[in-house]
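Undergrad: Dropping a structure here in structure tokens format, bear with me for questions.
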Amino acid sequence: MKPGSRLKSAACSSEVVVIKYSAGTIECGGLPMAEDAAGDGTPAAGFAEGTMVGKRYIDAAGTVELLCVKPGKGSLSLSGAALTTKDAKPLPASD
């Protein structure tokens with residue numbers, strides 16, 4: 001998998017674009033994502049928090065970064081570990 005790849009969820013309507021990737025299985029709703037998945041399943045318990053369009057999702061180590069391009073009911077994870085939204089960098093003060 002390389003940056004620019006578009007992945008679809010098998011558990012919901014979520015779609016993401018890969019920004020940065022090193023290793024692991026990218027999942028949504030507890031199911032692996034793929035380029036040709038049909039989002040007609042149901043998210044697993046614990047993986048149903050949803051995704052928000054335009055948000056970037058990263059893992060704790062910062063080795064994987066995904067951009068959500070289509071929202072859905074499933075939440076993103078990397079090999080079972082939940083991904084979190086990336087915070088925006090604060091602008092410098094203009095005193």
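Every chain in the structure tokens takes a letter, A first, then B, and so on in the order presented; its residues are numbered from 1, and the ligands are numbered from 1 following the presented order.
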Can you tell me which residues surround stretch 47-50 of chain A at a distance of at most 7 Å, considering only C-alpha atoms, apart from same-chain residues fewer than 4 positions away, and format the answer as a PyMOL selection string?
TA: chain A and resi 29-30+43+72-75
Undergrad: Keeping only all heavy atoms, take the residues you just selected and write them out as a PDB file, in the first residue's frame.
TA:
```pdb
ATOM      1  N   GLY A  29     -14.602  -0.295  11.268  1.00  0.00           N
ATOM      2  CA  GLY A  29     -15.719  -1.061  11.799  1.00  0.00           C
ATOM      3  C   GLY A  29     -15.316  -2.462  12.210  1.00  0.00           C
ATOM      4  O   GLY A  29     -16.162  -3.340  12.323  1.00  0.00           O
ATOM      5  N   GLY A  30     -14.023  -2.697  12.425  1.00  0.00           N
ATOM      6  CA  GLY A  30     -13.534  -4.012  12.823  1.00  0.00           C
ATOM      7  C   GLY A  30     -13.204  -4.937  11.664  1.00  0.00           C
ATOM      8  O   GLY A  30     -12.737  -6.045  11.873  1.00  0.00           O
ATOM      9  N   PRO A  43     -20.792  -2.295  11.445  1.00  0.00           N
ATOM     10  CA  PRO A  43     -19.602  -2.176  12.280  1.00  0.00           C
ATOM     11  C   PRO A  43     -19.702  -3.055  13.529  1.00  0.00           C
ATOM     12  O   PRO A  43     -20.766  -3.199  14.108  1.00  0.00           O
ATOM     13  CB  PRO A  43     -19.574  -0.695  12.666  1.00  0.00           C
ATOM     14  CG  PRO A  43     -20.376  -0.008  11.624  1.00  0.00           C
ATOM     15  CD  PRO A  43     -21.433  -0.999  11.210  1.00  0.00           C
ATOM     16  N   GLY A  72     -18.666   7.632   7.571  1.00  0.00           N
ATOM     17  CA  GLY A  72     -19.414   6.397   7.777  1.00  0.00           C
ATOM     18  C   GLY A  72     -19.607   6.123   9.255  1.00  0.00           C
ATOM     19  O   GLY A  72     -19.169   6.888  10.112  1.00  0.00           O
ATOM     20  N   LYS A  73     -20.249   5.004   9.583  1.00  0.00           N
ATOM     21  CA  LYS A  73     -20.571   4.652  10.967  1.00  0.00           C
ATOM     22  C   LYS A  73     -19.452   3.921  11.687  1.00  0.00           C
ATOM     23  O   LYS A  73     -19.404   3.892  12.900  1.00  0.00           O
ATOM     24  CB  LYS A  73     -21.837   3.799  11.005  1.00  0.00           C
ATOM     25  CG  LYS A  73     -23.069   4.535  10.547  1.00  0.00           C
ATOM     26  CD  LYS A  73     -24.289   3.654  10.626  1.00  0.00           C
ATOM     27  CE  LYS A  73     -25.520   4.407  10.148  1.00  0.00           C
ATOM     28  NZ  LYS A  73     -26.716   3.575  10.214  1.00  0.00           N
ATOM     29  N   GLY A  74     -18.535   3.295  10.955  1.00  0.00           N
ATOM     30  CA  GLY A  74     -17.444   2.537  11.573  1.00  0.00           C
ATOM     31  C   GLY A  74     -16.289   3.439  11.969  1.00  0.00           C
ATOM     32  O   GLY A  74     -16.104   4.517  11.419  1.00  0.00           O
ATOM     33  N   SER A  75     -15.509   3.013  12.961  1.00  0.00           N
ATOM     34  CA  SER A  75     -14.325   3.775  13.358  1.00  0.00           C
ATOM     35  C   SER A  75     -13.074   3.083  12.829  1.00  0.00           C
ATOM     36  O   SER A  75     -13.047   1.874  12.635  1.00  0.00           O
ATOM     37  CB  SER A  75     -14.267   3.951  14.875  1.00  0.00           C
ATOM     38  OG  SER A  75     -14.326   2.714  15.523  1.00  0.00           O
TER      39      SER A  75
END
```
Undergrad: Excluding same-chain residues fewer than 2 positions from stretch 7-15 of chain A, what lies within 8 Å of it counting only C-alpha atoms, as a ChimeraX atom specification?
TA: /A:5,17-18,27-43,51,68-74
Undergrad: What's the 9 Å shell around A:Met1, counting only C-alpha atoms, without same-chain residues fewer than 6 positions away, as a list of chain:residue names?
TA: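 The residues that qualify are A:Val18, A:Tyr21, A:Ser22, A:Ala23.
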Undergrad: Those residues with C-alpha atoms, as a compact mmCIF listing (two decimals), in the first residue's frame please?
TA:
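The new file part11.txt reads:
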```
# COMPACT_ATOMS: atom_id res chain seq x y z
CA VAL A 18 -3.61 6.87 2.60
CA TYR A 21 1.74 4.00 5.79
CA SER A 22 4.39 1.67 7.18
CA ALA A 23 2.84 -1.65 8.24
```
Undergrad: Any idea what the distance is between atom CA of A:Ala45 and atom CA of A:Ser79?
TA: 15.7 Å
Undergrad: Just list as number ranges by chain whatever in chain A DSSP marks as strand (DSSP E or B).
TA: A: 6-8, 15-20, 26-28, 31-32, 34, 51, 56-58, 65-70, 72, 76-78, 81-82, 84-85
Undergrad: If you count only C-alpha atoms, which residues fall within 8 Å of A:Tyr57, apart from same-chain ones fewer than 5 positions away, as a list in words?
TA: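 Here the qualifying residues turn out to be Glu65, Leu66, Leu67, Cys68, Leu76, Leu83, Thr84, Thr85 and Lys86 of chain A.
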Undergrad: Just write the chosen residues, N, CA and C atoms, as a compact mmCIF listing (two decimals), in the first residue's frame.
TA:
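After the write, part_34.txt holds the following:
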```
# COMPACT_ATOMS: atom_id res chain seq x y z
N GLU A 65 -1.11 7.50 8.63
CA GLU A 65 -1.98 8.67 8.57
C GLU A 65 -2.96 8.49 7.43
N LEU A 66 -4.25 8.67 7.72
CA LEU A 66 -5.32 8.50 6.74
C LEU A 66 -6.17 9.76 6.70
N LEU A 67 -6.66 10.12 5.52
CA LEU A 67 -7.57 11.25 5.35
C LEU A 67 -8.94 10.70 4.99
N CYS A 68 -9.94 11.03 5.78
CA CYS A 68 -11.30 10.56 5.51
C CYS A 68 -11.92 11.41 4.40
N LEU A 76 -12.03 3.87 12.60
CA LEU A 76 -10.80 3.38 11.99
C LEU A 76 -9.86 2.78 13.04
N LEU A 83 -7.49 4.32 15.86
CA LEU A 83 -6.79 5.52 15.38
C LEU A 83 -7.48 6.74 15.97
N THR A 84 -6.73 7.81 16.17
CA THR A 84 -7.28 9.05 16.71
C THR A 84 -7.18 10.15 15.67
N THR A 85 -7.97 11.22 15.85
CA THR A 85 -7.89 12.34 14.92
C THR A 85 -6.63 13.14 15.19
N LYS A 86 -6.04 13.63 14.12
CA LYS A 86 -4.82 14.43 14.22
C LYS A 86 -5.22 15.86 14.52
```
Undergrad: Tell me, in Å to one decimal, how far atom CA of A:Gly54 is from atom CA of A:Ser94.
TA: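 We find that atom CA of A:Gly54 and atom CA of A:Ser94 lie 27.3 Å from each other.
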Undergrad: Between A:Gly24, A:Val16, A:Pro92, A:Ala81, which one has atoms that come closest to A:Val53, using only C-alpha atoms?
TA: A:Val16
Undergrad: Pick out the closest residue to A:Lys2 from this set: A:Met52, A:Leu91, A:Val64, A:Ala82. Count only C-alpha atoms.
TA: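 Looking at the shortest contact to A:Lys2, the residue is A:Val64.
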